[in-house]
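Shown next, in structure tokens, is the structure this report addresses.
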Amino acid sequence: MSDVITIENGDLTAQVKVKGAELASLKRGEDEYLWQADPHWWPRQAPVLFPIVGNLRNDKATSAAGPCAMGRHGVARINDFEVWSVGSGTVTMRLQSSDETLAAYPYPFVLDMTYTLEASTEGGAPDTLRQTFEVSNTGDQVMPFSVGGHPAFNVPAPGRTDAWEDYELVFSEPWTYASPGIAGGLWDYGIQIPIVDDADRMPLRRDLFVHDTVELEHVPGHTVTLASKESGPVLRVDFDEFPYLGVWSAGCETGDAPFLAIEPWTGTATRTDEDDVFEHKQHTLFCEPGDTMTRSFTITLL
């Protein structure tokens with residue numbers, strides 16, 4: 001079996017890696033929309049975040065099932081998934097808990113990642129990729145967890161000659177918001193970074209990411225469009241089932257990383273004013289023994 005699975009539907013093609021069930025390509029025709037993992041800036045493309053988003057304090061926490069010890073974004077992105085099923089324009093990748101994952105996160109689980117291409121039709125919806133997280137609790141205790149996507153997109157967009165700074169995130173309506181800051185890898189809500197002030201767009205600026213990621217909460221309509229002020233819309237991310245959106249780019253020191261990550265999250269990194277109990281992390285999801293919880297977001301090419 002290949003280390004990369006390819007799916008197609010109409011003009012859409014996507015590739016998904018066995019390692020981490022990470023999206024590796026999203027193309028329409030010959031146009032590649034997904035960042036292609038240049039290690040000069042960032043060697044990843046769209047890691048799957050589970051069972052945490054961001055960092056735990058000192059990479060550790062306590063839980064009802066025992067101690068947790070894992071690095072940034074958890075265990076999914078560093079493990080090989082099984083190719084569970086492949087169909088017309090869709091693939092499901094599966095990660096089951098193992099001795100290795102249980103040493104880091106002491107809860108038995110099954111994580112199914114499904115990627116589905118929905119090609120445009122005349123008079124129908126535009127070209128869309130749906131990414132679905134299906135988390136099953138196979139243990140006998142209530143399981144706390146978060147999931148998140150981390151797709152990074154080529155900026156400038158394929159076939160365009162405008163500059164990175166010509167791009168912006170466009171919201172469905174004007175709003176006002178300030179992002180918390182980051183201290184020691186944790187969210188510090190005592191820091192407030194103005195992002196939008198009664199505006200429906202966030203122009204890209206390198207200085208926004210000097211201290212890492214911007215966190216957006218209460219995004220109007222749970223939708224955002226990546227667009228160029230010069231050449232128009234590129235793609236839209238819809239994330240109804242995710243209360244947070246991370247926005248990030250690397251290379252702030254050199255000011256030239258040609259991508260932007262748009263990241264739907266169900267939870268966040270530990271806050272500086274939180275304790276180190278896993279169950280106390282903000283917006284943690286709780287799955288009962290034997291139950292399954294599902295979250296999906298979509299990327300629509302415009």
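Scheme for the structure tokens: letters A, B, ... for chains in order shown; per-chain residue numbers from 1; ligand numbers from 1 in order shown.
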Taking a cut-off of 8 Å and counting only C-alpha atoms, can you build a table that, for each residue of stretch 97-182 of chain A near stretch 226-250 of chain A, reports the nearest atom pair and how far apart they are in Å (one decimal), sorted by chain then residue number, as a tab-separated table?
```
residue	atom	partner	partner_atom	distance
A:Ala157	CA	A:Val234	CA	6.9
A:Arg160	CA	A:Ser231	CA	7.5
A:Asp162	CA	A:Glu230	CA	6.9
A:Asp166	CA	A:Ser228	CA	5.6
A:Tyr167	CA	A:Ser228	CA	4.2
A:Glu168	CA	A:Ala227	CA	5.6
A:Leu169	CA	A:Leu226	CA	4.8
A:Val170	CA	A:Leu226	CA	6.4
```
Go ahead and dump the residues you just picked, N, CA, C and O atoms, as an mmCIF file, in the first residue's frame.
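out.cif, written as the output of this step:
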```
data_model
loop_
_atom_site.group_PDB
_atom_site.id
_atom_site.type_symbol
_atom_site.label_atom_id
_atom_site.label_comp_id
_atom_site.auth_asym_id
_atom_site.auth_seq_id
_atom_site.Cartn_x
_atom_site.Cartn_y
_atom_site.Cartn_z
ATOM 1 N N ALA A 157 -2.246 32.492 -4.232
ATOM 2 C CA ALA A 157 -2.980 31.333 -4.732
ATOM 3 C C ALA A 157 -2.432 30.910 -6.091
ATOM 4 O O ALA A 157 -1.772 31.696 -6.780
ATOM 5 N N ARG A 160 -1.716 33.006 -9.653
ATOM 6 C CA ARG A 160 -1.850 34.442 -9.399
ATOM 7 C C ARG A 160 -0.472 35.058 -9.128
ATOM 8 O O ARG A 160 0.425 34.402 -8.628
ATOM 9 N N ASP A 162 -0.167 38.180 -7.458
ATOM 10 C CA ASP A 162 -0.215 39.190 -6.407
ATOM 11 C C ASP A 162 0.674 38.780 -5.238
ATOM 12 O O ASP A 162 1.186 37.657 -5.177
ATOM 13 N N ASP A 166 -1.271 41.155 -0.228
ATOM 14 C CA ASP A 166 -2.497 41.563 -0.916
ATOM 15 C C ASP A 166 -3.708 40.746 -0.474
ATOM 16 O O ASP A 166 -4.836 41.059 -0.871
ATOM 17 N N TYR A 167 -3.481 39.716 0.362
ATOM 18 C CA TYR A 167 -4.558 38.815 0.748
ATOM 19 C C TYR A 167 -5.188 39.233 2.074
ATOM 20 O O TYR A 167 -4.589 39.965 2.882
ATOM 21 N N GLU A 168 -6.392 38.730 2.290
ATOM 22 C CA GLU A 168 -7.133 39.032 3.514
ATOM 23 C C GLU A 168 -8.119 37.913 3.789
ATOM 24 O O GLU A 168 -8.460 37.119 2.904
ATOM 25 N N LEU A 169 -8.546 37.835 5.044
ATOM 26 C CA LEU A 169 -9.653 36.959 5.410
ATOM 27 C C LEU A 169 -10.914 37.801 5.459
ATOM 28 O O LEU A 169 -10.947 38.852 6.115
ATOM 29 N N VAL A 170 -11.947 37.337 4.768
ATOM 30 C CA VAL A 170 -13.203 38.076 4.677
ATOM 31 C C VAL A 170 -14.269 37.335 5.472
ATOM 32 O O VAL A 170 -14.459 36.123 5.308
#
```
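DSSP secondary structure from the backbone places Arg57, Asn58, Asp59, Ala76, Arg77, Ile78, Asp99, Glu100, Thr101, Leu102, Ala103 and Ala104 of chain A of stretch 43-145 of chain A in helix (DSSP H, G or I).
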Next on the checklist: For stretch 7-13 of chain A, find every residue with an atom within 6 Å (counting only C-alpha atoms), except residues of its own chain fewer than 5 positions away, and show them as an MDAnalysis selection string.
Outcome noted: chainID A and resid 26:29 89 119
Quick one: write out the picked residues with all heavy atoms as a compact mmCIF listing (two decimals), in the first residue's frame?
```txt
# COMPACT_ATOMS: atom_id res chain seq x y z
N LEU A 26 -4.42 19.29 -2.49
CA LEU A 26 -5.79 19.60 -2.88
C LEU A 26 -5.69 20.41 -4.18
O LEU A 26 -5.31 21.57 -4.17
CB LEU A 26 -6.52 20.39 -1.80
CG LEU A 26 -7.94 20.84 -2.15
CD1 LEU A 26 -8.84 19.63 -2.47
CD2 LEU A 26 -8.55 21.67 -1.02
N LYS A 27 -6.03 19.73 -5.29
CA LYS A 27 -5.85 20.35 -6.59
C LYS A 27 -7.18 20.41 -7.35
O LYS A 27 -8.01 19.50 -7.24
CB LYS A 27 -4.83 19.56 -7.43
CG LYS A 27 -3.44 19.55 -6.83
CD LYS A 27 -2.49 18.64 -7.60
CE LYS A 27 -2.09 19.24 -8.93
NZ LYS A 27 -1.04 18.44 -9.59
N ARG A 28 -7.33 21.46 -8.12
CA ARG A 28 -8.39 21.54 -9.12
C ARG A 28 -7.69 21.68 -10.46
O ARG A 28 -7.00 22.68 -10.71
CB ARG A 28 -9.32 22.71 -8.87
CG ARG A 28 -10.43 22.83 -9.92
CD ARG A 28 -11.56 23.72 -9.46
NE ARG A 28 -11.09 25.06 -9.13
CZ ARG A 28 -11.85 25.99 -8.54
NH1 ARG A 28 -13.09 25.69 -8.18
NH2 ARG A 28 -11.36 27.18 -8.29
N GLY A 29 -7.83 20.66 -11.27
CA GLY A 29 -7.01 20.62 -12.48
C GLY A 29 -5.55 20.53 -12.09
O GLY A 29 -5.15 19.68 -11.30
N GLY A 89 -14.06 9.16 -4.72
CA GLY A 89 -13.87 10.50 -4.18
C GLY A 89 -13.81 10.58 -2.68
O GLY A 89 -13.95 11.66 -2.11
N ALA A 119 -17.51 17.35 -6.00
CA ALA A 119 -17.24 18.14 -7.21
C ALA A 119 -18.46 18.98 -7.58
O ALA A 119 -19.61 18.60 -7.34
CB ALA A 119 -16.88 17.21 -8.36
```
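For the pair atom CA of A:Leu117 and atom CA of A:Asp291, the separation is 26.8 Å.
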Next on the checklist: Write out as a count of residues only the set of residues from stretch 37-240 of chain A that DSSP, computed on the backbone, places in strand (DSSP E).
Outcome noted: 95
Checklist entry - Between atom CA of A:Arg130 and atom CA of A:Pro180, what is the spacing in Å? => result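 Interatomic distance, atom CA of A:Pro180 to atom CA of A:Arg130: 28.8 Å.
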Item to check | Between atom CA of A:Gly54 and atom CA of A:Asn154 - distance in Å to one decimal | outcome: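 Separation of atom CA of A:Asn154 and atom CA of A:Gly54: 22.4 Å.
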Distance table requested - stretch 53-171 of chain A against stretch 253-270 of chain A, cut-off 10 Å, only C-alpha atoms: one row per qualifying residue with the closest atom pair and its distance in Å to one decimal, ordered by chain and rising residue number, as a tab-separated table.
```
residue	atom	partner	partner_atom	distance
A:Val53	CA	A:Thr268	CA	5.1
A:Gly54	CA	A:Ala269	CA	4.3
A:Asn55	CA	A:Ala269	CA	4.8
A:Leu56	CA	A:Thr270	CA	5.4
A:Arg57	CA	A:Thr270	CA	6.5
A:Asp59	CA	A:Thr270	CA	9.9
A:Ala61	CA	A:Thr270	CA	9.7
A:Arg72	CA	A:Ala269	CA	8.6
A:His73	CA	A:Ala269	CA	8.4
A:Phe145	CA	A:Gly267	CA	8.4
A:Ser146	CA	A:Gly267	CA	5.4
A:Val147	CA	A:Thr266	CA	5.7
A:Gly148	CA	A:Trp265	CA	4.2
A:Gly149	CA	A:Glu263	CA	5.2
A:His150	CA	A:Glu263	CA	4.5
A:Pro151	CA	A:Ala261	CA	5.5
A:Ala152	CA	A:Ala261	CA	3.8
A:Phe153	CA	A:Phe259	CA	5.3
A:Asn154	CA	A:Phe259	CA	4.6
A:Val155	CA	A:Phe259	CA	4.6
A:Pro156	CA	A:Pro258	CA	6.7
A:Ala157	CA	A:Phe259	CA	8.9
A:Ala163	CA	A:Pro258	CA	9.1
A:Trp164	CA	A:Pro258	CA	6.7
A:Glu165	CA	A:Asp256	CA	9.9
A:Tyr167	CA	A:Leu260	CA	9.8
A:Leu169	CA	A:Ile262	CA	9.6
```
Item to check | Given only C-alpha atoms as the counted atoms, nearest of A:Cys68, A:Leu301, A:Leu34, A:Val219 to A:Pro144 | outcome: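 When distances to A:Pro144 are compared using only C-alpha atoms, the smallest one comes from A:Cys68.
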Checklist entry - Leaving out A:Leu102 and any residue of its chain fewer than 5 positions from it, which residues lie within 10 Å of it when counting only C-alpha atoms, given as a ChimeraX atom specification? => result /A:66-69,75,97,107-109
Next on the checklist: as a list in words, please: the residues near A:Gly181 (cut-off 9 Å, only C-alpha atoms, same-chain neighbours under 6 positions excluded).
Outcome noted: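 Residues meeting the cut-off are Trp187, Asp188, Tyr189, Gly190, Ile191, Gln192, Ile193, His211, Asp212, Thr213, Val214 and Glu215 of chain A.
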Take the residues from that selection and write them out as a PDB file, in the first residue's frame, keeping C-alpha atoms.
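Okay, this is what ended up in result31.pdb:
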```pdb
ATOM      1  CA  TRP A 187      -2.989  31.213  25.747  1.00  0.00           C
ATOM      2  CA  ASP A 188      -2.817  34.340  27.888  1.00  0.00           C
ATOM      3  CA  TYR A 189      -6.184  36.083  27.954  1.00  0.00           C
ATOM      4  CA  GLY A 190      -4.601  38.959  29.844  1.00  0.00           C
ATOM      5  CA  ILE A 191      -3.064  39.938  26.500  1.00  0.00           C
ATOM      6  CA  GLN A 192      -5.453  41.340  23.912  1.00  0.00           C
ATOM      7  CA  ILE A 193      -4.323  41.767  20.294  1.00  0.00           C
ATOM      8  CA  HIS A 211       4.183  35.547  18.514  1.00  0.00           C
ATOM      9  CA  ASP A 212       2.641  32.534  16.734  1.00  0.00           C
ATOM     10  CA  THR A 213      -1.085  31.952  16.079  1.00  0.00           C
ATOM     11  CA  VAL A 214      -4.079  34.283  16.091  1.00  0.00           C
ATOM     12  CA  GLU A 215      -7.099  32.739  17.828  1.00  0.00           C
TER      13      GLU A 215
END
```
Item to check | Nearest to A:Pro158 by atom-to-atom distance, counting only C-alpha atoms, from A:Met202, A:Glu30, A:Met293, A:Lys17 | outcome: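 For A:Pro158, the nearest of the candidates is A:Glu30.
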Checklist entry - A:Ile78, A:Ile182, A:Ala14, A:Leu49: which is nearest A:Tyr115, counting only C-alpha atoms? => result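 The shortest atom-to-atom distance to A:Tyr115 comes from A:Ala14.
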Item to check | Selection near A:Ala199, 8 Å with only C-alpha atoms, sequence-local residues under 3 positions removed, as an NGL selection string | outcome: :A and (173-176 or 196 or 202)
Please produce an output containing C-alpha atoms for each residue in the selection, written as an mmCIF file, in the first residue's frame.
```
data_model
loop_
_atom_site.group_PDB
_atom_site.id
_atom_site.type_symbol
_atom_site.label_atom_id
_atom_site.label_comp_id
_atom_site.auth_asym_id
_atom_site.auth_seq_id
_atom_site.Cartn_x
_atom_site.Cartn_y
_atom_site.Cartn_z
ATOM 1 C CA GLU A 173 -20.385 40.517 8.428
ATOM 2 C CA PRO A 174 -18.525 43.243 10.327
ATOM 3 C CA TRP A 175 -17.465 42.390 13.884
ATOM 4 C CA THR A 176 -15.003 43.415 16.578
ATOM 5 C CA VAL A 196 -10.921 43.484 13.651
ATOM 6 C CA MET A 202 -8.638 40.950 8.315
#
```
Item to check | Using only C-alpha atoms: which of A:Leu95, A:Met143, A:Leu208, A:Ala24 has the shortest distance to A:Val4 | outcome: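 Smallest separation from A:Val4 among the options: A:Ala24.
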Next on the checklist: Considering only C-alpha atoms, can you say which of A:Ser88, A:Gln45, A:Thr101, A:Thr223 comes closest to A:Thr116?
Outcome noted: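 Of A:Ser88, A:Gln45, A:Thr101, A:Thr223, the one nearest A:Thr116, counting only C-alpha atoms, is A:Ser88.
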